[in-house]
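What follows is the content of coords21.csv (CSV, C-alpha atoms and all ligand atoms).
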```csv
chain,number,residue,atom,x,y,z
A,1,MET,CA,-37.6,-7.5,12.6
A,2,MET,CA,-37.2,-5.5,15.8
A,3,LYS,CA,-33.8,-6.0,17.4
A,4,LYS,CA,-33.7,-7.7,20.8
A,5,VAL,CA,-31.2,-6.9,23.6
A,6,LEU,CA,-30.9,-8.6,27.0
A,7,THR,CA,-29.3,-6.3,29.6
A,8,ILE,CA,-27.8,-7.8,32.7
A,9,GLN,CA,-27.2,-5.2,35.5
A,10,ASP,CA,-28.6,-4.0,38.8
A,11,LEU,CA,-32.0,-2.5,39.5
A,12,SER,CA,-31.4,0.5,41.7
A,13,CYS,CA,-34.8,1.7,42.8
A,14,VAL,CA,-33.8,5.4,43.1
A,15,GLY,CA,-31.0,7.2,41.3
A,16,ARG,CA,-30.6,6.9,37.6
A,17,CYS,CA,-28.2,4.2,36.6
A,18,SER,CA,-28.0,0.6,35.2
A,19,LEU,CA,-31.5,-0.8,34.3
A,20,THR,CA,-33.4,2.4,34.9
A,21,VAL,CA,-31.3,4.0,32.3
A,22,ALA,CA,-30.7,1.1,29.8
A,23,LEU,CA,-34.4,0.0,29.6
A,24,PRO,CA,-35.8,3.4,28.6
A,25,ILE,CA,-32.9,4.3,26.3
A,26,LEU,CA,-33.0,1.0,24.4
A,27,SER,CA,-36.8,1.2,24.1
A,28,ALA,CA,-36.6,4.7,22.8
A,29,MET,CA,-34.2,3.4,20.1
A,30,GLY,CA,-36.9,1.0,19.0
A,31,ILE,CA,-35.2,-2.0,20.5
A,32,HIS,CA,-37.0,-4.8,22.4
A,33,CYS,CA,-35.2,-4.7,25.8
A,34,SER,CA,-35.3,-7.6,28.2
A,35,VAL,CA,-33.7,-7.4,31.6
A,36,LEU,CA,-31.9,-9.7,34.0
A,37,PRO,CA,-31.4,-7.8,37.3
A,38,THR,CA,-28.1,-8.8,39.1
A,39,ALA,CA,-29.2,-7.1,42.4
A,40,VAL,CA,-31.9,-4.9,43.8
A,41,LEU,CA,-30.7,-1.8,45.6
A,42,SER,CA,-32.8,0.8,47.3
A,43,THR,CA,-30.5,3.4,45.7
A,44,HIS,CA,-27.2,3.2,43.8
A,45,THR,CA,-24.1,3.2,45.9
A,46,GLY,CA,-23.7,7.0,45.5
A,47,PHE,CA,-26.3,7.5,48.2
A,48,PRO,CA,-25.4,6.6,51.8
A,49,ASP,CA,-26.0,3.1,53.0
A,50,PRO,CA,-28.3,1.5,50.4
A,51,HIS,CA,-30.1,-1.7,51.1
A,52,ILE,CA,-28.7,-4.3,48.7
A,53,ARG,CA,-30.1,-7.6,47.8
A,54,PRO,CA,-27.7,-9.5,45.4
A,55,LEU,CA,-29.6,-11.9,43.2
A,56,THR,CA,-26.5,-14.2,42.8
A,57,GLN,CA,-28.5,-17.4,43.3
A,58,ASP,CA,-31.2,-16.3,40.8
A,59,ILE,CA,-29.1,-15.4,37.8
A,60,GLY,CA,-28.5,-19.0,36.7
A,61,PRO,CA,-32.1,-20.3,37.0
A,62,ILE,CA,-33.4,-17.2,35.2
A,63,GLY,CA,-30.9,-17.8,32.4
A,64,GLU,CA,-31.9,-21.5,32.2
A,65,HIS,CA,-35.6,-20.6,32.0
A,66,LEU,CA,-34.9,-18.0,29.2
A,67,GLN,CA,-33.2,-20.8,27.3
A,68,GLN,CA,-36.1,-23.2,27.9
A,69,VAL,CA,-38.6,-20.8,26.5
A,70,GLY,CA,-36.4,-20.3,23.4
A,71,ALA,CA,-35.6,-16.6,24.1
A,72,GLU,CA,-33.2,-15.2,21.5
A,73,PHE,CA,-31.2,-11.9,21.6
A,74,ASP,CA,-29.3,-9.9,19.0
A,75,ALA,CA,-26.9,-8.8,21.8
A,76,ILE,CA,-26.4,-8.9,25.5
A,77,LEU,CA,-25.4,-5.8,27.4
A,78,VAL,CA,-23.7,-6.6,30.7
A,79,GLY,CA,-23.1,-3.9,33.4
A,80,TYR,CA,-22.8,-3.7,37.2
A,81,LEU,CA,-22.4,-7.0,39.0
A,82,ALA,CA,-22.8,-7.2,42.8
A,83,ASP,CA,-20.2,-9.9,43.6
A,84,PRO,CA,-17.5,-12.0,41.8
A,85,GLU,CA,-19.7,-15.2,41.6
A,86,GLN,CA,-22.1,-13.2,39.5
A,87,ALA,CA,-19.4,-12.9,36.8
A,88,GLU,CA,-19.3,-16.8,36.6
A,89,ALA,CA,-23.1,-17.0,36.3
A,90,VAL,CA,-23.1,-14.4,33.6
A,91,LEU,CA,-20.3,-16.3,31.7
A,92,GLU,CA,-22.6,-19.3,31.6
A,93,ILE,CA,-25.5,-17.3,30.2
A,94,ILE,CA,-23.4,-15.6,27.5
A,95,SER,CA,-22.0,-19.0,26.4
A,96,ALA,CA,-25.6,-20.4,26.2
A,97,PHE,CA,-26.9,-17.5,24.0
A,98,ASP,CA,-25.0,-17.2,20.8
A,99,CYS,CA,-24.9,-13.4,20.3
A,100,PRO,CA,-22.4,-10.5,20.6
A,101,VAL,CA,-21.8,-9.4,24.2
A,102,ILE,CA,-21.1,-5.8,25.1
A,103,LEU,CA,-19.6,-5.4,28.6
A,104,ASP,CA,-19.5,-2.2,30.6
A,105,PRO,CA,-17.3,-3.3,33.5
A,106,ALA,CA,-19.0,-0.9,35.9
A,107,MET,CA,-16.7,-1.1,39.0
A,108,GLY,CA,-15.3,2.3,39.7
A,109,ASP,CA,-14.5,5.9,38.6
A,110,HIS,CA,-12.0,8.7,39.3
A,111,GLY,CA,-9.3,6.1,40.3
A,112,LYS,CA,-11.5,4.3,42.9
A,113,LEU,CA,-13.7,1.3,43.1
A,114,TYR,CA,-17.4,1.8,43.9
A,115,LYS,CA,-18.4,1.1,47.5
A,116,GLY,CA,-18.6,-2.7,48.0
A,117,ILE,CA,-16.6,-3.7,44.9
A,118,THR,CA,-13.6,-5.9,45.8
A,119,GLU,CA,-10.3,-6.8,44.1
A,120,GLU,CA,-11.7,-10.3,43.6
A,121,GLN,CA,-14.4,-8.8,41.5
A,122,VAL,CA,-11.9,-6.9,39.3
A,123,SER,CA,-10.3,-10.2,38.3
A,124,ALA,CA,-13.7,-11.9,37.7
A,125,MET,CA,-14.7,-8.9,35.6
A,126,ALA,CA,-11.4,-9.3,33.6
A,127,ASP,CA,-12.2,-12.9,32.8
A,128,LEU,CA,-15.7,-11.8,31.7
A,129,ALA,CA,-14.2,-9.0,29.6
A,130,SER,CA,-12.1,-11.4,27.5
A,131,MET,CA,-15.4,-13.2,26.5
A,132,ALA,CA,-17.1,-10.0,25.4
A,133,GLU,CA,-17.0,-8.7,21.8
A,134,VAL,CA,-17.0,-5.1,22.9
A,135,VAL,CA,-15.7,-3.7,26.2
A,136,LEU,CA,-16.6,-0.2,27.4
A,137,PRO,CA,-14.5,0.7,30.4
A,138,ASN,CA,-13.8,4.2,31.8
A,139,VAL,CA,-10.1,5.0,32.4
A,140,THR,CA,-10.3,3.8,36.0
A,141,GLU,CA,-11.8,0.4,34.9
A,142,ALA,CA,-9.4,0.0,32.0
A,143,CYS,CA,-6.4,0.5,34.4
A,144,MET,CA,-7.9,-1.9,37.0
A,145,LEU,CA,-8.6,-4.6,34.4
A,146,THR,CA,-5.1,-4.4,33.1
A,147,GLY,CA,-3.2,-3.8,36.3
A,148,VAL,CA,-1.9,-0.4,35.2
A,149,PRO,CA,-1.7,2.4,37.8
A,150,TYR,CA,-4.5,4.9,37.4
A,151,GLN,CA,-3.6,8.2,35.8
A,152,GLN,CA,-6.1,11.1,35.3
A,153,GLN,CA,-4.6,12.4,32.1
A,154,THR,CA,-3.8,9.7,29.5
A,155,ASP,CA,-1.8,10.2,26.3
A,156,GLY,CA,-2.2,8.2,23.1
A,157,GLN,CA,0.5,5.8,24.0
A,158,VAL,CA,-1.1,4.8,27.3
A,159,LEU,CA,-4.5,4.5,25.7
A,160,ARG,CA,-3.1,2.2,22.9
A,161,MET,CA,-1.4,0.0,25.6
A,162,LEU,CA,-4.6,-0.2,27.6
A,163,SER,CA,-6.7,-1.0,24.5
A,164,GLU,CA,-4.3,-3.6,23.2
A,165,ARG,CA,-4.2,-5.3,26.6
A,166,LEU,CA,-8.0,-5.4,26.7
A,167,CYS,CA,-8.4,-6.7,23.1
A,168,ARG,CA,-7.8,-10.3,23.9
A,169,MET,CA,-9.6,-13.6,23.3
A,170,LYS,CA,-13.1,-12.8,22.0
A,171,THR,CA,-12.8,-9.0,22.4
A,172,ASN,CA,-12.5,-7.2,19.1
A,173,THR,CA,-13.4,-3.6,20.1
A,174,VAL,CA,-12.5,-1.6,23.2
A,175,VAL,CA,-13.8,1.9,23.8
A,176,ILE,CA,-12.3,3.7,26.8
A,177,THR,CA,-14.5,6.5,28.1
A,178,GLY,CA,-13.8,9.6,30.1
A,179,VAL,CA,-10.4,10.0,28.4
A,180,SER,CA,-8.7,13.4,29.1
A,181,PRO,CA,-5.8,14.3,26.8
A,182,ASN,CA,-5.6,17.6,28.7
A,183,ALA,CA,-7.5,19.6,31.4
A,184,ASP,CA,-9.9,21.2,28.9
A,185,ASN,CA,-11.0,18.2,26.9
A,186,THR,CA,-12.6,14.8,27.4
A,187,GLY,CA,-13.9,12.1,25.1
A,188,PHE,CA,-13.2,8.5,24.3
A,189,ALA,CA,-10.5,6.4,22.6
A,190,GLY,CA,-10.8,3.0,21.3
A,191,LEU,CA,-9.3,0.1,19.3
A,192,GLN,CA,-11.0,-2.1,16.8
A,193,LYS,CA,-9.0,-5.2,15.8
A,194,GLY,CA,-7.8,-4.8,12.2
A,195,GLU,CA,-8.9,-1.2,12.0
A,196,GLY,CA,-6.6,0.5,14.5
A,197,MET,CA,-7.2,3.2,17.1
A,198,PHE,CA,-9.9,5.8,17.0
A,199,SER,CA,-10.7,8.7,19.3
A,200,TYR,CA,-13.1,11.5,19.9
A,201,THR,CA,-12.8,14.7,22.0
A,202,ALA,CA,-15.2,17.4,23.1
A,203,HIS,CA,-14.7,20.3,25.5
A,204,ARG,CA,-14.9,19.2,29.1
A,205,ARG,CA,-18.0,20.0,31.0
A,206,ASP,CA,-17.4,20.8,34.7
A,207,LYS,CA,-20.3,18.7,35.9
A,208,THR,CA,-20.0,15.1,37.1
A,209,LEU,CA,-23.3,13.4,36.9
A,210,HIS,CA,-24.2,9.9,38.1
A,211,GLY,CA,-25.2,7.3,35.5
A,212,THR,CA,-23.6,8.9,32.5
A,213,GLY,CA,-21.4,5.9,31.9
A,214,ASP,CA,-24.5,3.6,31.9
A,215,MET,CA,-26.2,6.0,29.4
A,216,PHE,CA,-23.1,5.8,27.2
A,217,SER,CA,-23.1,2.0,27.2
A,218,ALA,CA,-26.9,1.8,26.6
A,219,VAL,CA,-26.8,4.2,23.6
A,220,PHE,CA,-23.7,2.4,22.3
A,221,ALA,CA,-25.3,-1.0,22.6
A,222,GLY,CA,-28.5,0.2,20.8
A,223,ALA,CA,-26.6,1.8,17.9
A,224,TYR,CA,-24.2,-1.2,17.6
A,225,VAL,CA,-27.1,-3.7,17.4
A,226,LEU,CA,-28.7,-1.5,14.8
A,227,GLY,CA,-25.6,-1.9,12.6
A,228,ARG,CA,-23.5,1.2,13.4
A,229,ASP,CA,-19.8,0.7,13.5
A,230,PRO,CA,-18.0,1.2,16.9
A,231,LEU,CA,-16.8,4.7,16.1
A,232,GLU,CA,-20.3,5.8,15.0
A,233,ALA,CA,-22.0,4.1,17.9
A,234,ALA,CA,-19.6,5.6,20.4
A,235,THR,CA,-19.9,9.1,18.9
A,236,LEU,CA,-23.7,9.0,19.1
A,237,ALA,CA,-23.4,7.8,22.7
A,238,ALA,CA,-20.9,10.6,23.6
A,239,ASN,CA,-23.2,13.2,21.9
A,240,PHE,CA,-26.1,11.9,23.9
A,241,VAL,CA,-24.2,12.1,27.2
A,242,GLU,CA,-23.1,15.7,26.3
A,243,ARG,CA,-26.7,16.7,25.7
A,244,VAL,CA,-27.7,15.1,29.1
A,245,ILE,CA,-25.0,17.0,30.9
A,246,ASP,CA,-25.8,20.3,29.2
A,247,GLY,CA,-29.5,19.8,29.9
A,248,THR,CA,-29.2,19.0,33.6
A,249,GLN,CA,-29.1,22.1,35.7
A,250,GLU,CA,-28.6,20.6,39.2
A,251,VAL,CA,-25.9,18.1,40.1
A,252,THR,CA,-27.6,15.6,42.5
A,253,PRO,CA,-27.2,11.9,43.1
A,254,TYR,CA,-30.4,11.4,41.1
A,255,GLY,CA,-28.2,11.7,38.0
A,256,GLY,CA,-28.4,13.2,34.6
A,257,GLU,CA,-31.8,14.1,33.1
A,258,PHE,CA,-31.6,11.8,30.1
A,259,GLU,CA,-35.4,11.6,29.7
A,260,ALA,CA,-35.5,15.0,28.0
A,261,GLN,CA,-33.0,13.8,25.3
A,262,LEU,CA,-34.9,10.6,24.2
A,263,PRO,CA,-36.8,12.4,21.4
A,264,TRP,CA,-33.4,13.6,20.0
A,265,LEU,CA,-32.0,10.1,20.2
A,266,TRP,CA,-34.9,8.7,18.3
A,267,GLU,CA,-34.4,11.3,15.6
A,268,GLN,CA,-30.7,10.3,15.1
A,269,LEU,CA,-31.6,6.7,14.0
A,301,LIG,O1,-23.4,3.8,37.3
A,301,LIG,C1,-22.7,2.7,37.7
A,301,LIG,C2,-23.4,2.0,38.9
A,301,LIG,C3,-24.2,1.0,38.6
A,301,LIG,N1,-24.9,0.4,39.6
A,301,LIG,C4,-24.7,0.7,40.9
A,301,LIG,C5,-23.9,1.8,41.2
A,301,LIG,C6,-23.2,2.5,40.2
A,301,LIG,C7,-22.3,3.5,40.5
A,301,LIG,O2,-22.2,4.0,41.6
A,301,LIG,O3,-23.8,2.1,42.5
A,301,LIG,C8,-25.5,0.0,41.9
```

So, in terms of structure tokens, how does the structure I just supplied come out?
Amino acid sequence: MMKKVLTIQDLSCVGRCSLTVALPILSAMGIHCSVLPTAVLSTHTGFPDPHIRPLTQDIGPIGEHLQQVGAEFDAILVGYLADPEQAEAVLEIISAFDCPVILDPAMGDHGKLYKGITEEQVSAMADLASMAEVVLPNVTEACMLTGVPYQQQTDGQVLRMLSERLCRMKTNTVVITGVSPNADNTGFAGLQKGEGMFSYTAHRRDKTLHGTGDMFSAVFAGAYVLGRDPLEAATLAANFVERVIDGTQEVTPYGGEFEAQLPWLWEQL
């Protein structure tokens, strides 16, 4: 039977991120992808002054209707939320659908929150994180969720501390992305309860492209729901993102050209 994933994140009309990334990636992995948009934005917040319509009042009724029609999912992938109330609405949805939740607490990067994200949202996201089976923060988000000061280069001890703090309540796996043990390398580090720490490093590319975190979480979610273990799923996701970065010539707010890598992704499954 085809696997089914519901992804809850924003729909940015222009600029690759969130739903415009997760939907094609999960489809290319042979997964039936359903969506619940948390907000509609003219562009993601990396462009100046986007028009933003949060769908805070609509998340609950959409979730209720999905239950009424008997919708079932093998996993729920949660990403960018537009305000703290959305975290509460999402909590209700995930408690109604009995399936693993993968959370990418998309809130910031490079030590800073994205435009429009408040401290209140950080604590709402932390509550949500404790109810997710897998949490996929970047270093900035891992520090914010745990109240640890941001540091660009993180050693094994700090990564273990961040991962252990995030592995609470329902969370059994944490994968921290954008981890830099030194100036020349980058990768991920994680913790799976009962299995210990794992990590992966590749040479650092000197290009920062929009949406790569969302690409990582979409590929991870797809591979995880197809039965890969967290290290395998995260390695596939990292390799995909590396190919996207290497295959994108121009750095623009439109983001990484992941489309060209979808045939490769399909071949890996
Ligand atoms: O890629 C994360 C992300 C998701 N959604 C919106 C964003 C961003 C990052 O800037 O602005 C709307």

Subject >> Distance of atom CA of A:Asp214 from atom CA of A:Glu133, expressed in Å to one decimal place >> reply: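 For atom CA of A:Glu133 relative to atom CA of A:Asp214, the distance reads 17.6 Å.
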
Original post:
Residues at most 9 Å from A:Tyr150, counting only C-alpha atoms, excluding those fewer than 6 positions away in the same chain, as a count of residues only?
Top reply: 9

Residues of stretch 83-181 of chain A at most 8 Å from stretch 41-59 of chain A: nearest atom pair and distance in Å, all atoms listed in the file, as a Markdown table:
```
| residue | atom | partner | partner_atom | distance |
| --- | --- | --- | --- | --- |
| A:Asp83 | CA | A:Thr56 | CA | 7.7 |
| A:Glu85 | CA | A:Thr56 | CA | 7.0 |
| A:Gln86 | CA | A:Thr56 | CA | 5.6 |
| A:Ala89 | CA | A:Ile59 | CA | 6.4 |
| A:Val90 | CA | A:Ile59 | CA | 7.4 |
| A:Tyr114 | CA | A:Thr45 | CA | 7.1 |
| A:Lys115 | CA | A:Thr45 | CA | 6.3 |
```

**OP:** Residues within 10 Å of ligand LIG 301 (chain A), counting only C-alpha atoms and all ligand atoms: report them as an MDAnalysis selection string.
**Re:** chainID A and resid 9:21 38:47 50 52 79:82 104:109 113:117 209:215 253 255

Could those selected residues go to a file with C-alpha atoms, as a PDB file, in the coordinates of the input?
```pdb
ATOM      1  CA  GLN A   9     -27.200  -5.200  35.500  1.00  0.00           C
ATOM      2  CA  ASP A  10     -28.600  -4.000  38.800  1.00  0.00           C
ATOM      3  CA  LEU A  11     -32.000  -2.500  39.500  1.00  0.00           C
ATOM      4  CA  SER A  12     -31.400   0.500  41.700  1.00  0.00           C
ATOM      5  CA  CYS A  13     -34.800   1.700  42.800  1.00  0.00           C
ATOM      6  CA  VAL A  14     -33.800   5.400  43.100  1.00  0.00           C
ATOM      7  CA  GLY A  15     -31.000   7.200  41.300  1.00  0.00           C
ATOM      8  CA  ARG A  16     -30.600   6.900  37.600  1.00  0.00           C
ATOM      9  CA  CYS A  17     -28.200   4.200  36.600  1.00  0.00           C
ATOM     10  CA  SER A  18     -28.000   0.600  35.200  1.00  0.00           C
ATOM     11  CA  LEU A  19     -31.500  -0.800  34.300  1.00  0.00           C
ATOM     12  CA  THR A  20     -33.400   2.400  34.900  1.00  0.00           C
ATOM     13  CA  VAL A  21     -31.300   4.000  32.300  1.00  0.00           C
ATOM     14  CA  THR A  38     -28.100  -8.800  39.100  1.00  0.00           C
ATOM     15  CA  ALA A  39     -29.200  -7.100  42.400  1.00  0.00           C
ATOM     16  CA  VAL A  40     -31.900  -4.900  43.800  1.00  0.00           C
ATOM     17  CA  LEU A  41     -30.700  -1.800  45.600  1.00  0.00           C
ATOM     18  CA  SER A  42     -32.800   0.800  47.300  1.00  0.00           C
ATOM     19  CA  THR A  43     -30.500   3.400  45.700  1.00  0.00           C
ATOM     20  CA  HIS A  44     -27.200   3.200  43.800  1.00  0.00           C
ATOM     21  CA  THR A  45     -24.100   3.200  45.900  1.00  0.00           C
ATOM     22  CA  GLY A  46     -23.700   7.000  45.500  1.00  0.00           C
ATOM     23  CA  PHE A  47     -26.300   7.500  48.200  1.00  0.00           C
ATOM     24  CA  PRO A  50     -28.300   1.500  50.400  1.00  0.00           C
ATOM     25  CA  ILE A  52     -28.700  -4.300  48.700  1.00  0.00           C
ATOM     26  CA  GLY A  79     -23.100  -3.900  33.400  1.00  0.00           C
ATOM     27  CA  TYR A  80     -22.800  -3.700  37.200  1.00  0.00           C
ATOM     28  CA  LEU A  81     -22.400  -7.000  39.000  1.00  0.00           C
ATOM     29  CA  ALA A  82     -22.800  -7.200  42.800  1.00  0.00           C
ATOM     30  CA  ASP A 104     -19.500  -2.200  30.600  1.00  0.00           C
ATOM     31  CA  PRO A 105     -17.300  -3.300  33.500  1.00  0.00           C
ATOM     32  CA  ALA A 106     -19.000  -0.900  35.900  1.00  0.00           C
ATOM     33  CA  MET A 107     -16.700  -1.100  39.000  1.00  0.00           C
ATOM     34  CA  GLY A 108     -15.300   2.300  39.700  1.00  0.00           C
ATOM     35  CA  ASP A 109     -14.500   5.900  38.600  1.00  0.00           C
ATOM     36  CA  LEU A 113     -13.700   1.300  43.100  1.00  0.00           C
ATOM     37  CA  TYR A 114     -17.400   1.800  43.900  1.00  0.00           C
ATOM     38  CA  LYS A 115     -18.400   1.100  47.500  1.00  0.00           C
ATOM     39  CA  GLY A 116     -18.600  -2.700  48.000  1.00  0.00           C
ATOM     40  CA  ILE A 117     -16.600  -3.700  44.900  1.00  0.00           C
ATOM     41  CA  LEU A 209     -23.300  13.400  36.900  1.00  0.00           C
ATOM     42  CA  HIS A 210     -24.200   9.900  38.100  1.00  0.00           C
ATOM     43  CA  GLY A 211     -25.200   7.300  35.500  1.00  0.00           C
ATOM     44  CA  THR A 212     -23.600   8.900  32.500  1.00  0.00           C
ATOM     45  CA  GLY A 213     -21.400   5.900  31.900  1.00  0.00           C
ATOM     46  CA  ASP A 214     -24.500   3.600  31.900  1.00  0.00           C
ATOM     47  CA  MET A 215     -26.200   6.000  29.400  1.00  0.00           C
ATOM     48  CA  PRO A 253     -27.200  11.900  43.100  1.00  0.00           C
ATOM     49  CA  GLY A 255     -28.200  11.700  38.000  1.00  0.00           C
TER      50      GLY A 255
END
```

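Relative to atom CA of A:Gln157, atom CA of A:Met197 is found at 10.7 Å.
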
Quick one: residues within 10 Å of A:Thr7, only C-alpha atoms, excluding same-chain residues fewer than 2 positions away - as a JSON list (two decimals) with C-alpha atoms, in the coordinates of the input?
```json
[["chain", "number", "residue", "atom", "x", "y", "z"],
["A", 4, "LYS", "CA", -33.70, -7.70, 20.80],
["A", 5, "VAL", "CA", -31.20, -6.90, 23.60],
["A", 9, "GLN", "CA", -27.20, -5.20, 35.50],
["A", 10, "ASP", "CA", -28.60, -4.00, 38.80],
["A", 18, "SER", "CA", -28.00, 0.60, 35.20],
["A", 19, "LEU", "CA", -31.50, -0.80, 34.30],
["A", 22, "ALA", "CA", -30.70, 1.10, 29.80],
["A", 23, "LEU", "CA", -34.40, 0.00, 29.60],
["A", 26, "LEU", "CA", -33.00, 1.00, 24.40],
["A", 33, "CYS", "CA", -35.20, -4.70, 25.80],
["A", 34, "SER", "CA", -35.30, -7.60, 28.20],
["A", 35, "VAL", "CA", -33.70, -7.40, 31.60],
["A", 36, "LEU", "CA", -31.90, -9.70, 34.00],
["A", 37, "PRO", "CA", -31.40, -7.80, 37.30],
["A", 38, "THR", "CA", -28.10, -8.80, 39.10],
["A", 73, "PHE", "CA", -31.20, -11.90, 21.60],
["A", 75, "ALA", "CA", -26.90, -8.80, 21.80],
["A", 76, "ILE", "CA", -26.40, -8.90, 25.50],
["A", 77, "LEU", "CA", -25.40, -5.80, 27.40],
["A", 78, "VAL", "CA", -23.70, -6.60, 30.70],
["A", 79, "GLY", "CA", -23.10, -3.90, 33.40],
["A", 101, "VAL", "CA", -21.80, -9.40, 24.20],
["A", 102, "ILE", "CA", -21.10, -5.80, 25.10],
["A", 103, "LEU", "CA", -19.60, -5.40, 28.60],
["A", 218, "ALA", "CA", -26.90, 1.80, 26.60],
["A", 221, "ALA", "CA", -25.30, -1.00, 22.60]]
```

**OP:** Just give me the gap between atom CA of A:Arg205 and atom CA of A:Gln151 in Å, one decimal is fine.
**Re:**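 Taking atom CA of A:Arg205 as the start and atom CA of A:Gln151 as the end point, the length is 19.2 Å.
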
**OP:** Extract, using only C-alpha atoms, all DNA, RNA and protein residues at most 10 Å from A:Thr171, discarding same-chain residues fewer than 5 positions from it, and format them as a list in words.
**Re:** Pro100, Val101, Ile102, Leu103, Ala129, Ser130, Met131, Ala132, Glu133, Val134, Val135, Leu166, Gln192 and Lys193 of chain A

Subject >> Polymer residues at most 8 Å from A:Ile176, all atoms listed in the file, same-chain spacing of 5 or more positions, as an NGL selection string >> reply: :A and (136-139 or 142 or 159 or 163 or 188-190)

Just C-alpha atoms for this one: save the residues we selected as an mmCIF file, in the coordinates of the input.
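Done, and the output landed in selection14.cif:
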```cif
data_model
loop_
_atom_site.group_PDB
_atom_site.id
_atom_site.type_symbol
_atom_site.label_atom_id
_atom_site.label_comp_id
_atom_site.auth_asym_id
_atom_site.auth_seq_id
_atom_site.Cartn_x
_atom_site.Cartn_y
_atom_site.Cartn_z
ATOM 1 C CA LEU A 136 -16.600 -0.200 27.400
ATOM 2 C CA PRO A 137 -14.500 0.700 30.400
ATOM 3 C CA ASN A 138 -13.800 4.200 31.800
ATOM 4 C CA VAL A 139 -10.100 5.000 32.400
ATOM 5 C CA ALA A 142 -9.400 0.000 32.000
ATOM 6 C CA LEU A 159 -4.500 4.500 25.700
ATOM 7 C CA SER A 163 -6.700 -1.000 24.500
ATOM 8 C CA PHE A 188 -13.200 8.500 24.300
ATOM 9 C CA ALA A 189 -10.500 6.400 22.600
ATOM 10 C CA GLY A 190 -10.800 3.000 21.300
#
```

Subject >> Close residues, A:Val225 itself excluded, 8 Å, all atoms listed in the file, min 2 positions apart in chain, as a ChimeraX atom specification >> reply: /A:3,74-75,221-223,227-228

Original post:
Which of these residues is nearest to A:Glu88, using all atoms listed in the file: A:Asp127, A:Glu259, A:Asp155, A:Asp206?
Top reply: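 Counting all atoms listed in the file, the residue closest to A:Glu88 is A:Asp127.
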
**OP:** Would you mind telling me which residue in A:Val251, A:Val219, A:Val179, A:Val122 lies nearest to A:Asn239 when using all atoms listed in the file?
**Re:** A:Val219
